[in-house]
>>> print(open('work-v2.cif').read())   # mmCIF, C-alpha atoms
data_upload
loop_
_atom_site.label_atom_id
_atom_site.label_comp_id
_atom_site.auth_asym_id
_atom_site.auth_seq_id
_atom_site.Cartn_x
_atom_site.Cartn_y
_atom_site.Cartn_z
CA MET A 1 29.26 132.57 -140.04
CA THR A 2 29.88 135.56 -137.86
CA ALA A 3 29.71 134.94 -134.16
CA ILE A 4 26.87 136.56 -132.24
CA PRO A 5 28.12 139.24 -129.85
CA MET A 6 27.69 138.34 -126.24
CA GLU A 7 26.01 141.66 -125.51
CA HIS A 8 23.11 140.82 -127.79
CA GLY A 9 22.51 137.50 -126.10
CA LEU A 10 22.65 139.17 -122.71
CA ALA A 11 20.27 141.85 -123.95
CA LEU A 12 17.82 139.11 -124.90
CA ALA A 13 18.16 137.61 -121.42
CA VAL A 14 17.59 140.99 -119.80
CA ALA A 15 14.53 141.67 -121.97
CA LEU A 16 12.99 138.31 -121.10
CA PHE A 17 13.77 138.78 -117.41
CA VAL A 18 12.24 142.24 -117.30
CA LEU A 19 9.11 140.99 -119.05
CA GLY A 20 8.81 138.21 -116.49
CA LEU A 21 9.37 140.65 -113.64
CA VAL A 22 6.68 142.97 -115.00
CA GLY A 23 4.38 139.99 -115.25
CA VAL A 24 4.91 139.05 -111.61
CA LEU A 25 4.42 142.63 -110.45
CA ALA A 26 1.47 143.53 -112.64
CA ARG A 27 -0.66 140.40 -112.74
CA ARG A 28 -2.72 139.15 -109.82
CA ASN A 29 -3.78 135.86 -111.39
CA ILE A 30 -1.55 133.35 -109.66
CA VAL A 31 -1.25 131.15 -112.75
CA PHE A 32 0.12 134.14 -114.67
CA MET A 33 2.50 134.86 -111.83
CA LEU A 34 3.81 131.29 -112.01
CA MET A 35 4.24 131.61 -115.77
CA SER A 36 6.17 134.86 -115.28
CA ILE A 37 8.43 133.14 -112.77
CA GLU A 38 9.09 130.47 -115.39
CA ILE A 39 9.98 133.23 -117.87
CA MET A 40 12.41 134.76 -115.39
CA LEU A 41 14.09 131.42 -114.65
CA ASN A 42 14.35 130.80 -118.35
CA ALA A 43 15.93 134.22 -118.86
CA ALA A 44 18.53 133.42 -116.22
CA GLY A 45 19.23 130.20 -118.10
CA VAL A 46 19.65 132.16 -121.34
CA ALA A 47 22.23 134.37 -119.64
CA PHE A 48 24.14 131.30 -118.44
CA VAL A 49 24.12 129.64 -121.85
CA VAL A 50 25.20 132.87 -123.58
CA ALA A 51 28.09 133.24 -121.18
CA GLY A 52 29.05 129.59 -121.59
CA ALA A 53 28.97 129.95 -125.38
CA ARG A 54 31.13 133.06 -125.14
CA TRP A 55 33.94 131.09 -123.52
CA GLY A 56 33.25 127.84 -125.32
CA ALA A 57 32.81 126.08 -121.99
CA ALA A 58 30.25 123.51 -120.89
CA ASP A 59 29.69 125.13 -117.50
CA GLY A 60 26.96 127.44 -118.75
CA GLN A 61 24.95 124.52 -120.02
CA VAL A 62 25.52 122.65 -116.76
CA MET A 63 24.09 125.64 -114.89
CA PHE A 64 21.11 125.61 -117.23
CA PHE A 65 20.60 121.98 -116.21
CA PHE A 66 20.32 122.98 -112.58
CA ILE A 67 17.99 125.86 -113.40
CA LEU A 68 15.85 123.41 -115.33
CA ALA A 69 15.65 121.04 -112.35
CA THR A 70 14.81 123.95 -110.04
CA ALA A 71 12.11 125.18 -112.38
CA ALA A 72 10.57 121.72 -112.65
CA ALA A 73 10.42 121.30 -108.86
CA GLU A 74 9.14 124.85 -108.43
CA VAL A 75 6.36 124.46 -110.94
CA ALA A 76 5.20 121.17 -109.42
CA VAL A 77 4.92 122.66 -105.94
CA GLY A 78 3.55 125.95 -107.26
CA LEU A 79 0.78 124.31 -109.23
CA ALA A 80 -0.15 122.18 -106.23
CA LEU A 81 -0.44 125.44 -104.29
CA VAL A 82 -2.60 126.91 -107.03
CA LEU A 83 -4.93 123.94 -106.70
CA GLN A 84 -5.05 124.45 -102.93
CA LEU A 85 -5.78 128.15 -103.34
CA TYR A 86 -8.54 127.48 -105.81
CA HIS A 87 -10.00 124.80 -103.60
CA ARG A 88 -10.12 127.02 -100.52
CA PHE A 89 -11.00 130.42 -101.95
CA HIS A 90 -12.56 129.44 -105.30
CA THR A 91 -10.45 132.00 -107.10
CA VAL A 92 -6.99 132.19 -108.60
CA ASP A 93 -6.46 135.76 -107.41
CA ALA A 94 -3.26 135.93 -105.39
CA ASP A 95 -4.67 138.69 -103.18
CA ALA A 96 -7.26 136.25 -101.82
CA ALA A 97 -4.47 134.63 -99.81
CA SER A 98 -2.91 137.84 -98.52
CA LYS A 99 -4.20 137.49 -94.96
CA MET A 100 -2.42 135.31 -92.43
CA ARG A 101 -4.13 133.64 -89.54
CA GLY A 102 -2.81 133.86 -86.01
CA MET B 1 23.55 131.98 -138.67
CA SER B 2 23.38 135.23 -136.77
CA HIS B 3 20.22 136.45 -138.49
CA ILE B 4 18.48 133.28 -137.30
CA PHE B 5 19.53 134.26 -133.80
CA TYR B 6 18.06 137.72 -134.17
CA ILE B 7 14.78 136.52 -135.68
CA SER B 8 14.40 133.96 -132.90
CA ALA B 9 15.22 136.55 -130.26
CA VAL B 10 12.60 138.92 -131.63
CA ILE B 11 10.04 136.10 -131.66
CA ALA B 12 10.93 135.18 -128.09
CA VAL B 13 10.54 138.73 -126.82
CA ALA B 14 7.32 139.32 -128.76
CA ALA B 15 5.76 136.07 -127.58
CA THR B 16 6.80 136.79 -124.00
CA LEU B 17 5.28 140.25 -124.21
CA LEU B 18 2.06 138.67 -125.41
CA VAL B 19 2.19 136.16 -122.53
CA VAL B 20 2.32 138.96 -120.00
CA THR B 21 -0.45 140.98 -121.61
CA ARG B 22 -3.02 138.26 -122.36
CA THR B 23 -6.10 138.08 -120.19
CA HIS B 24 -6.90 134.50 -121.05
CA THR B 25 -4.73 131.81 -119.48
CA VAL B 26 -4.81 129.38 -122.38
CA HIS B 27 -3.84 132.07 -124.91
CA ALA B 28 -0.95 133.09 -122.70
CA LEU B 29 0.11 129.46 -122.42
CA LEU B 30 0.21 129.06 -126.20
CA TYR B 31 2.42 132.13 -126.50
CA LEU B 32 4.62 130.86 -123.69
CA VAL B 33 5.21 127.61 -125.59
CA VAL B 34 6.16 129.65 -128.68
CA SER B 35 8.51 131.76 -126.58
CA LEU B 36 10.24 128.68 -125.18
CA LEU B 37 10.60 127.18 -128.66
CA ALA B 38 12.16 130.42 -129.87
CA VAL B 39 14.58 130.38 -126.94
CA ALA B 40 15.48 126.81 -127.89
CA MET B 41 16.32 128.09 -131.37
CA VAL B 42 18.48 130.78 -129.79
CA PHE B 43 20.34 128.10 -127.83
CA PHE B 44 20.91 126.14 -131.01
CA THR B 45 22.38 129.13 -132.80
CA LEU B 46 24.61 129.78 -129.79
CA GLY B 47 26.12 126.32 -130.19
CA ALA B 48 24.30 124.54 -127.35
CA PRO B 49 22.30 121.78 -129.07
CA LEU B 50 21.78 119.63 -125.96
CA VAL B 51 20.29 122.49 -124.01
CA ALA B 52 18.11 123.40 -126.99
CA ALA B 53 16.70 119.86 -127.08
CA LEU B 54 16.14 119.91 -123.32
CA GLU B 55 14.37 123.25 -123.55
CA VAL B 56 11.92 121.75 -126.03
CA ILE B 57 11.44 118.46 -124.19
CA ILE B 58 11.30 119.61 -120.57
CA TYR B 59 10.18 123.25 -120.67
CA ALA B 60 7.93 123.35 -123.71
CA GLY B 61 6.90 119.74 -123.21
CA ALA B 62 6.64 118.60 -119.62
CA VAL B 63 6.27 121.86 -117.70
CA MET B 64 3.74 123.33 -120.12
CA VAL B 65 1.72 120.10 -120.02
CA LEU B 66 1.56 120.53 -116.24
CA PHE B 67 0.22 124.05 -116.72
CA VAL B 68 -2.35 122.83 -119.22
CA PHE B 69 -3.49 120.12 -116.80
CA ILE B 70 -3.94 122.59 -113.98
CA ILE B 71 -5.83 125.08 -116.14
CA MET B 72 -8.12 122.35 -117.37
CA MET B 73 -8.71 121.20 -113.80
CA LEU B 74 -9.51 124.71 -112.62
CA ASN B 75 -12.05 125.24 -115.35
CA LEU B 76 -13.86 122.00 -114.71
CA GLY B 77 -17.64 122.10 -114.77
CA ARG B 78 -18.17 125.79 -115.52
CA HIS B 79 -20.01 125.70 -118.87
CA ALA B 80 -17.05 123.84 -120.26
CA VAL B 81 -18.48 123.31 -123.73
CA GLU B 82 -18.83 127.01 -124.55
CA ARG B 83 -15.34 127.55 -123.26
CA GLU B 84 -13.89 124.88 -125.47
CA ARG B 85 -15.72 126.34 -128.45
CA ALA B 86 -14.32 129.76 -127.65
CA TRP B 87 -10.82 128.33 -127.37
CA LEU B 88 -11.06 126.81 -130.80
CA ALA B 89 -11.88 130.19 -132.37
CA PRO B 90 -9.23 131.38 -134.85
CA SER B 91 -8.30 134.39 -132.75
CA ALA B 92 -6.94 132.03 -130.12
CA TRP B 93 -4.47 130.16 -132.26
CA VAL B 94 -3.63 132.36 -135.25
CA GLY B 95 -0.98 134.41 -133.45
CA PRO B 96 1.00 131.50 -131.99
CA THR B 97 0.67 129.64 -135.28
CA ILE B 98 2.21 132.48 -137.25
CA LEU B 99 5.12 132.79 -134.83
CA CYS B 100 5.60 129.01 -134.89
CA LEU B 101 5.60 129.01 -138.70
CA VAL B 102 8.45 131.51 -138.68
CA LEU B 103 10.36 129.19 -136.34
CA LEU B 104 9.55 126.25 -138.62
CA ALA B 105 10.88 128.18 -141.62
CA GLU B 106 14.09 128.82 -139.68
CA LEU B 107 14.31 125.10 -138.91
CA PHE B 108 13.95 124.21 -142.57
CA TYR B 109 16.55 126.81 -143.43
CA VAL B 110 19.00 125.31 -140.96
CA VAL B 111 18.39 121.81 -142.29
CA ALA B 112 18.81 123.02 -145.86
CA LEU B 113 22.02 124.71 -144.82
CA GLY B 114 23.53 121.33 -144.04
CA GLY B 115 22.18 120.11 -140.72
CA GLY B 116 23.14 120.79 -137.16
CA ALA B 117 26.86 120.20 -136.95
CA GLU B 118 27.85 122.40 -139.82
CA ALA B 119 25.20 125.06 -139.41
CA ALA B 120 25.90 125.82 -135.79
CA GLU B 121 28.73 128.04 -134.72
CA ALA B 122 32.24 126.67 -134.80
CA ALA B 123 32.40 126.75 -131.01
CA THR B 124 29.66 124.19 -130.49
CA VAL B 125 29.71 122.62 -127.05
CA GLY B 126 28.14 119.24 -127.66
CA PRO B 127 26.38 116.78 -125.37
CA LYS B 128 29.61 114.91 -124.72
CA GLU B 129 31.41 117.85 -123.13
CA VAL B 130 28.33 118.76 -121.11
CA GLY B 131 27.97 115.19 -119.87
CA GLN B 132 31.60 115.03 -118.89
CA ALA B 133 31.28 118.29 -116.98
CA LEU B 134 28.03 117.17 -115.35
CA PHE B 135 29.38 113.90 -114.05
CA GLY B 136 32.89 115.17 -113.45
CA PRO B 137 33.29 118.33 -111.38
CA TYR B 138 29.54 118.93 -111.03
CA VAL B 139 28.48 115.49 -109.84
CA LEU B 140 27.55 116.83 -106.40
CA GLY B 141 25.26 119.34 -108.04
CA VAL B 142 23.58 116.57 -110.00
CA GLU B 143 22.90 114.69 -106.76
CA LEU B 144 21.54 117.84 -105.16
CA ALA B 145 19.28 118.39 -108.18
CA GLY B 146 18.00 114.86 -107.74
CA MET B 147 17.28 115.55 -104.07
CA LEU B 148 15.52 118.78 -105.01
CA LEU B 149 13.32 116.99 -107.53
CA LEU B 150 12.47 114.34 -104.95
CA ALA B 151 11.57 117.04 -102.44
CA GLY B 152 9.44 118.74 -105.08
CA LEU B 153 7.69 115.47 -105.80
CA VAL B 154 6.95 114.82 -102.14
CA GLY B 155 5.85 118.40 -101.58
CA ALA B 156 3.52 118.44 -104.54
CA TYR B 157 2.07 115.11 -103.50
CA HIS B 158 1.53 116.33 -99.97
CA LEU B 159 -0.15 119.56 -101.05
CA GLY B 160 -2.35 117.78 -103.52
CA ARG B 161 -3.31 115.06 -101.04
CA ARG B 162 -4.53 117.43 -98.34
CA GLU B 163 -6.95 118.86 -100.82
CA ALA B 164 -8.27 115.37 -101.48
CA LEU B 165 -8.88 114.81 -97.76
CA GLY B 166 -11.66 117.39 -97.83
CA GLU B 167 -12.66 120.59 -96.13
CA GLY B 168 -12.28 119.20 -92.62
CA ALA B 169 -8.62 120.10 -92.69
CA GLU B 170 -9.50 123.78 -93.11
CA GLU B 171 -10.71 124.16 -89.54
CA GLY B 172 -7.70 122.48 -87.98
CA PRO B 173 -4.55 124.33 -86.95
CA GLN B 174 -2.28 124.81 -89.92
#
>>> encode(input="work-v2.cif", output="structure tokens")
Amino acid sequence: MTAIPMEHGLALAVALFVLGLVGVLARRNIVFMLMSIEIMLNAAGVAFVVAGARWGAADGQVMFFFILATAAAEVAVGLALVLQLYHRFHTVDADAASKMRG
Amino acid sequence: MSHIFYISAVIAVAATLLVVTRTHTVHALLYLVVSLLAVAMVFFTLGAPLVAALEVIIYAGAVMVLFVFIIMMLNLGRHAVERERAWLAPSAWVGPTILCLVLLAELFYVVALGGGAEAAEAATVGPKEVGQALFGPYVLGVELAGMLLLAGLVGAYHLGRREALGEGAEEGPQ
């Protein structure tokens, strides 16, 4: 029943965040980019919960609540945008929408 | 309890790495679900059972179902039968299944250890404390989260509806 060091939890959060960041930077499929953004939000939530557990406070979990609500709203709008992109350009490549008009 | 944390953390990182490196969307999605389940296990070992349950229900449940819906909608009509047959091939589901079985073994281990309350760390912050914090000092944040979700709902509806109106909207000024 030894407590988990906070550094290890934060290391997990950093690893997940970096993986998500690499996913956003490296992939051009917009569905993968959305998934990577979810991973990064989740990693931020992990960091909050680890910090909250370190101090035995509920605030970290409350922050995770808000991150969860943000992620849910973001994914709803993001997936609607994916549908729009696919409908207009018939691809899910993010570079297809790199040109602005006007 | 700490070795369960480390096993879950390794599973989470490995599954996330596989998410980023897959070429097929559905495979990546399966690994992403495994990753979220592993993170839920991490939350449980950290003494945050409410957040662990929410991670499973909302992230691994609702959000991933949205992703699955969209992927299925995008793939509509393009030789769908061959695709489905390819998705059911063992190579698609063996990896996530193995990782999930490790998580399941951990779950059984925790239950055998004496259930949630005793198995978790001594400094467990239960649902009651979180609820009191949410509706005490953070009540404004809860209202803002509700507003955000409503805005997300309206925005998603709006974006999805313009697609349903047809291609005529493409020519108009944006």
>>> interface_residues(input="work-v2.cif", of="chain B", to="chain A", cutoff="6 Å", atoms="only C-alpha atoms", output="PyMOL selection string")
chain B and resi 1-2+20+123+130+149+152+156+159-160
>>> write_last_selection(input="work-v2.cif", atoms="C-alpha atoms", output="compact mmCIF listing (two decimals), in the coordinates of the input")
# COMPACT_ATOMS: atom_id res chain seq x y z
CA MET B 1 23.55 131.98 -138.67
CA SER B 2 23.38 135.23 -136.77
CA VAL B 20 2.32 138.96 -120.00
CA ALA B 123 32.40 126.75 -131.01
CA VAL B 130 28.33 118.76 -121.11
CA LEU B 149 13.32 116.99 -107.53
CA GLY B 152 9.44 118.74 -105.08
CA ALA B 156 3.52 118.44 -104.54
CA LEU B 159 -0.15 119.56 -101.05
CA GLY B 160 -2.35 117.78 -103.52
>>> atom_distance(input="work-v2.cif", atom1="atom CA of B:Val39", atom2="atom CA of B:Ile58")
12.9 Å
>>> resolve_selection(input="work-v2.cif", expression="the PyMOL selection byres ((chain B and resi 35) around 7)", output="PDB file with C-alpha atoms, in the coordinates of the input")
ATOM      1  CA  ILE B  11      10.040 136.100-131.660  1.00  0.00           C
ATOM      2  CA  ALA B  12      10.930 135.180-128.090  1.00  0.00           C
ATOM      3  CA  ALA B  15       5.760 136.070-127.580  1.00  0.00           C
ATOM      4  CA  THR B  16       6.800 136.790-124.000  1.00  0.00           C
ATOM      5  CA  TYR B  31       2.420 132.130-126.500  1.00  0.00           C
ATOM      6  CA  LEU B  32       4.620 130.860-123.690  1.00  0.00           C
ATOM      7  CA  VAL B  33       5.210 127.610-125.590  1.00  0.00           C
ATOM      8  CA  VAL B  34       6.160 129.650-128.680  1.00  0.00           C
ATOM      9  CA  LEU B  36      10.240 128.680-125.180  1.00  0.00           C
ATOM     10  CA  LEU B  37      10.600 127.180-128.660  1.00  0.00           C
ATOM     11  CA  ALA B  38      12.160 130.420-129.870  1.00  0.00           C
ATOM     12  CA  VAL B  39      14.580 130.380-126.940  1.00  0.00           C
TER      13      VAL B  39
END
>>> atom_distance(input="work-v2.cif", atom1="atom CA of B:Leu30", atom2="atom CA of A:Leu41")
18.2 Å
>>> atom_distance(input="work-v2.cif", atom1="atom CA of A:Met40", atom2="atom CA of A:Val18")
7.7 Å
>>> resolve_selection(input="work-v2.cif", expression="the PyMOL selection byres ((chain B and resi 127) around 9)", output="short mmCIF file (atom, residue, chain, number, x, y, z; two decimals) with C-alpha atoms, in the frame of the given file")
data_model
loop_
_atom_site.label_atom_id
_atom_site.label_comp_id
_atom_site.auth_asym_id
_atom_site.auth_seq_id
_atom_site.Cartn_x
_atom_site.Cartn_y
_atom_site.Cartn_z
CA ALA A 58 30.25 123.51 -120.89
CA ALA B 48 24.30 124.54 -127.35
CA PRO B 49 22.30 121.78 -129.07
CA LEU B 50 21.78 119.63 -125.96
CA VAL B 51 20.29 122.49 -124.01
CA VAL B 125 29.71 122.62 -127.05
CA GLY B 126 28.14 119.24 -127.66
CA LYS B 128 29.61 114.91 -124.72
CA GLU B 129 31.41 117.85 -123.13
CA VAL B 130 28.33 118.76 -121.11
CA GLY B 131 27.97 115.19 -119.87
CA GLN B 132 31.60 115.03 -118.89
#
